[in-house]
Structure formats: structure tokens, C-alpha cells
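K.L.:
Sharing a structure with you now.
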Amino acid sequence: MSIIDSFRLDGRVALVTGATAGLGAGIAAALAEAGADLVVHEREKVPEDTIARVRALGRRCEGITGDLSDRTVPVRMIAEAEAAFGRLDILVNNAGMIYRQPAHEHADDMWDKVLEINVSSPFRLAKEFGRRLIAKGAPGKILNTASLLAFQGGILVPSYAASKGAIAQLTKALANEWASRQINVNAIAPGYMATANTAPLRADETRNRQILERIPAGRWGTPEDLAGAAVFLCSRASDYITGHVLVVDGGWLAR
């Protein structure tokens, strides 16, 4: 197999959660360009724009829905994703939420919701996906979405920072258990990306300037900046990489 061929995803099926727009839609399109068929998820309504984007690339794509704060949903979602095309090889845990409030005012119910969606649901999805792969003796790839706040505390987002630190550790814990099963578990830690989650920061002239001054690349990242990392960590090219958190941040952490 050539090195270029090892990055191809032909014949693979991937489930991407939170795929309506932003990073999830970008990752879904990248995997499709590399040859994968897709099952794309959103909470209440299937992400029609992402489905159209993937199909325009010549790949099959179906949509599923599910509220990831409901503990019963992950098992059902994995079953539906596997049934869509008869197999499931890749799980991308991208869905998440952020809640901005000073720590001394942070609502308890929102703390619970952020941790449920950002940590507990990825674990349940990975658990069910891993259980099915192990039962079949099949290899697979799990890609979690972490954050720079897996390494730093951030400002006014204590629940989000806690959840992303937990995702980094969950990635390593699952990798340790499943490496011998040929199931690779890795994460991408995006830097400051121009998505809906960061709209309040970009709208704040002072904070926007401070962030850009800190990024050596001098710009906010885009979903397309994650494409290469996502394809790599979901492909055979990364078969000997597991438990790794790959930072894609324009140099932020190096500063």
C-alpha cells in the first residue's frame, strides 16, 4: 500500500455527531472526500445541508437525530448508524455545547447539561461502538473533539473546560483498553475556530484582538483547517497512533 493510499477511507462508514455546521460539517465533508460514506447526526433535525454536501462529493450519506442529553439515545444512534449501510468503522464524537457564566454564578443545571453532552454522551457512544467492534473482532477508529481548554482553564467557561479536560483523559483511557483490539482512540484539540461557539468572542473587539495577537498564524481557524488531521486520525495512516490529543491551533500553545 502506498502512503497516499493509506490515507484513503474507501469502503469505510463514519458517524459524525453534531454535523449541522461548523467543525462537524467540515469533518464530515473531509471524510467523504477521502472516500468514506457518512451518517451525520443532529439533535432535532437531520442536517440536510451536510447531507447534500457529502452526496455532492459522490458519497452515500444518511441523517439521524437524537438528544444526547438523553442517556438512552447513544445505543439507539449507533444501531441506526450501523444499519444505514450495514457497517460502522469510524465514530467522530463532535457534538458539544458551551455555557458562558462566571464560576460563582454558574447554574448547577447547566453544569450538569454541559458535562452530560460533552463527556457522558461521547463515552456512551464510544462504549456501544467499541462493544460492537469487539464482538465482531473488527478494527475501528474513534475521534473525539477536545479543545485547547483540555490544557488551559479558559475564562468564564468552567463547565466547558472541565468537560474538555475529561475528554482528553477519556481518550487516553479508552485507547489503553482497546489498542490490542485494533481500535484507535484519539482526539483533536481545535484552537480558536470561527464557529458559532466563538461568535461572542469574535464580536468583542478587545477579546478578538487579544486572541489574534496570541495566535502566531494571525487568524482564527476554520473547519477546513481540521480536515487533514481528521482524515489522518480516521485512516490506516494512523494505525500506530492511539491515545493522542492532536492540537490544531495555529501555534497558540507554542506561544
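Residue numbers start at 1 in each chain; chains themselves are named A, B, ... in the order of the C-alpha cells; ligands are numbered from 1 in the order shown.
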For A:Ala79, list every protein, DNA or RNA residue within 10 Å, evaluated using only C-alpha atoms, and leave out those in the same chain fewer than 6 positions away; present the list as a list in words.
P.N.:
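Counting only the stated atoms, we get Gly86, Arg87, Leu88, Glu128, Phe129 and Arg132 of chain A.
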K.L.:
Would you mind exporting the chosen residues as a PDB file, in the first residue's frame, restricted to C-alpha atoms?
P.N.:
ATOM      1  CA  GLY A  86     -24.510  -2.388   7.009  1.00  0.00           C
ATOM      2  CA  ARG A  87     -21.351  -1.451   8.903  1.00  0.00           C
ATOM      3  CA  LEU A  88     -19.768   1.269  11.025  1.00  0.00           C
ATOM      4  CA  GLU A 128     -21.564   0.945  22.354  1.00  0.00           C
ATOM      5  CA  PHE A 129     -19.428   1.356  19.242  1.00  0.00           C
ATOM      6  CA  ARG A 132     -19.936  -3.981  18.742  1.00  0.00           C
TER       7      ARG A 132
END
K.L.:
Enumerate, as a ChimeraX atom specification, the complete set of residues in stretch 14-182 of chain A that a backbone-based DSSP assignment places in alpha helix (DSSP H).
P.N.:
/A:22-33,48-56,73-85,108-115,121-136,158-178
K.L.:
Please determine, counting only C-alpha atoms, which residue among A:Ala103, A:Ile167, A:Leu91, A:Ala83 has the shortest atom-to-atom distance to A:Cys234.
P.N.:
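Among the listed residues, the smallest separation from A:Cys234 belongs to A:Leu91.
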K.L.:
For stretch 124-190 of chain A versus stretch 19-37 of chain A, which residues have an atom no more than 12 Å away, and what is each residue's nearest atom pair and distance in Å rounded to one decimal, using only C-alpha atoms, chain-then-number order, as CSV?
P.N.:
residue,atom,partner,partner_atom,distance
A:Leu143,CA,A:Ile27,CA,10.5
A:Asn144,CA,A:Gly24,CA,11.1
A:Thr145,CA,A:Leu23,CA,9.2
A:Ala146,CA,A:Leu23,CA,11.7
A:Ser147,CA,A:Leu23,CA,11.9
A:Ile188,CA,A:Leu23,CA,10.9
A:Ala189,CA,A:Leu23,CA,11.4
A:Pro190,CA,A:Leu23,CA,9.2
K.L.:
Name the residues in contact with A:Lys141 at a cut-off of 8 Å, using only C-alpha atoms, excluding same-chain residues fewer than 6 positions from it; report them as a tab-separated table (two decimals) with N, CA, C and O atoms, in the first residue's frame.
P.N.:
chain	number	residue	atom	x	y	z
A	89	ASP	N	-17.43	1.91	10.88
A	89	ASP	CA	-16.00	1.77	11.10
A	89	ASP	C	-15.39	2.91	11.89
A	89	ASP	O	-14.33	2.75	12.50
A	90	ILE	N	-16.03	4.07	11.85
A	90	ILE	CA	-15.45	5.29	12.42
A	90	ILE	C	-16.53	6.02	13.21
A	90	ILE	O	-17.65	6.20	12.72
A	91	LEU	N	-16.17	6.46	14.42
A	91	LEU	CA	-17.06	7.29	15.23
A	91	LEU	C	-16.35	8.61	15.50
A	91	LEU	O	-15.25	8.61	16.06
A	183	ILE	N	-8.58	-0.98	17.90
A	183	ILE	CA	-9.47	0.18	17.94
A	183	ILE	C	-8.65	1.37	18.41
A	183	ILE	O	-8.20	1.40	19.55
A	184	ASN	N	-8.43	2.31	17.51
A	184	ASN	CA	-7.64	3.50	17.83
A	184	ASN	C	-8.56	4.59	18.36
A	184	ASN	O	-9.61	4.86	17.77
A	185	VAL	N	-8.17	5.22	19.45
A	185	VAL	CA	-8.95	6.29	20.05
A	185	VAL	C	-8.06	7.52	20.20
A	185	VAL	O	-7.08	7.49	20.96
A	233	LEU	N	-6.34	10.81	11.38
A	233	LEU	CA	-6.64	10.03	12.58
A	233	LEU	C	-7.76	9.02	12.37
A	233	LEU	O	-7.96	8.15	13.23
A	234	CYS	N	-8.46	9.11	11.25
A	234	CYS	CA	-9.50	8.13	10.94
A	234	CYS	C	-9.03	7.11	9.90
A	234	CYS	O	-9.80	6.21	9.53
A	235	SER	N	-7.81	7.23	9.44
A	235	SER	CA	-7.31	6.40	8.35
A	235	SER	C	-6.27	5.39	8.84
A	235	SER	O	-5.79	5.44	9.97
K.L.:
Which residue is closest to A:Phe151? Choose from A:Ala84, A:Val73, A:Gly11, A:Leu253 and count only C-alpha atoms.
P.N.:
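Result for the nearest residue to A:Phe151: A:Leu253.
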K.L.:
I need the residues in stretch 93-175 of chain A that are strand (DSSP E) according to DSSP; give them as a PyMOL selection string.
P.N.:
chain A and resi 93+140-145
K.L.:
I need the chosen residues saved as a PDB file, in the first residue's frame, with C-alpha atoms.
P.N.:
ATOM      1  CA  ASN A  93     -17.691  12.437  18.750  1.00  0.00           C
ATOM      2  CA  GLY A 140     -12.188   0.801  14.175  1.00  0.00           C
ATOM      3  CA  LYS A 141     -11.376   4.436  14.785  1.00  0.00           C
ATOM      4  CA  ILE A 142     -12.776   6.826  17.365  1.00  0.00           C
ATOM      5  CA  LEU A 143     -12.052  10.531  17.059  1.00  0.00           C
ATOM      6  CA  ASN A 144     -13.099  12.821  19.907  1.00  0.00           C
ATOM      7  CA  THR A 145     -13.251  16.604  19.778  1.00  0.00           C
TER       8      THR A 145
END
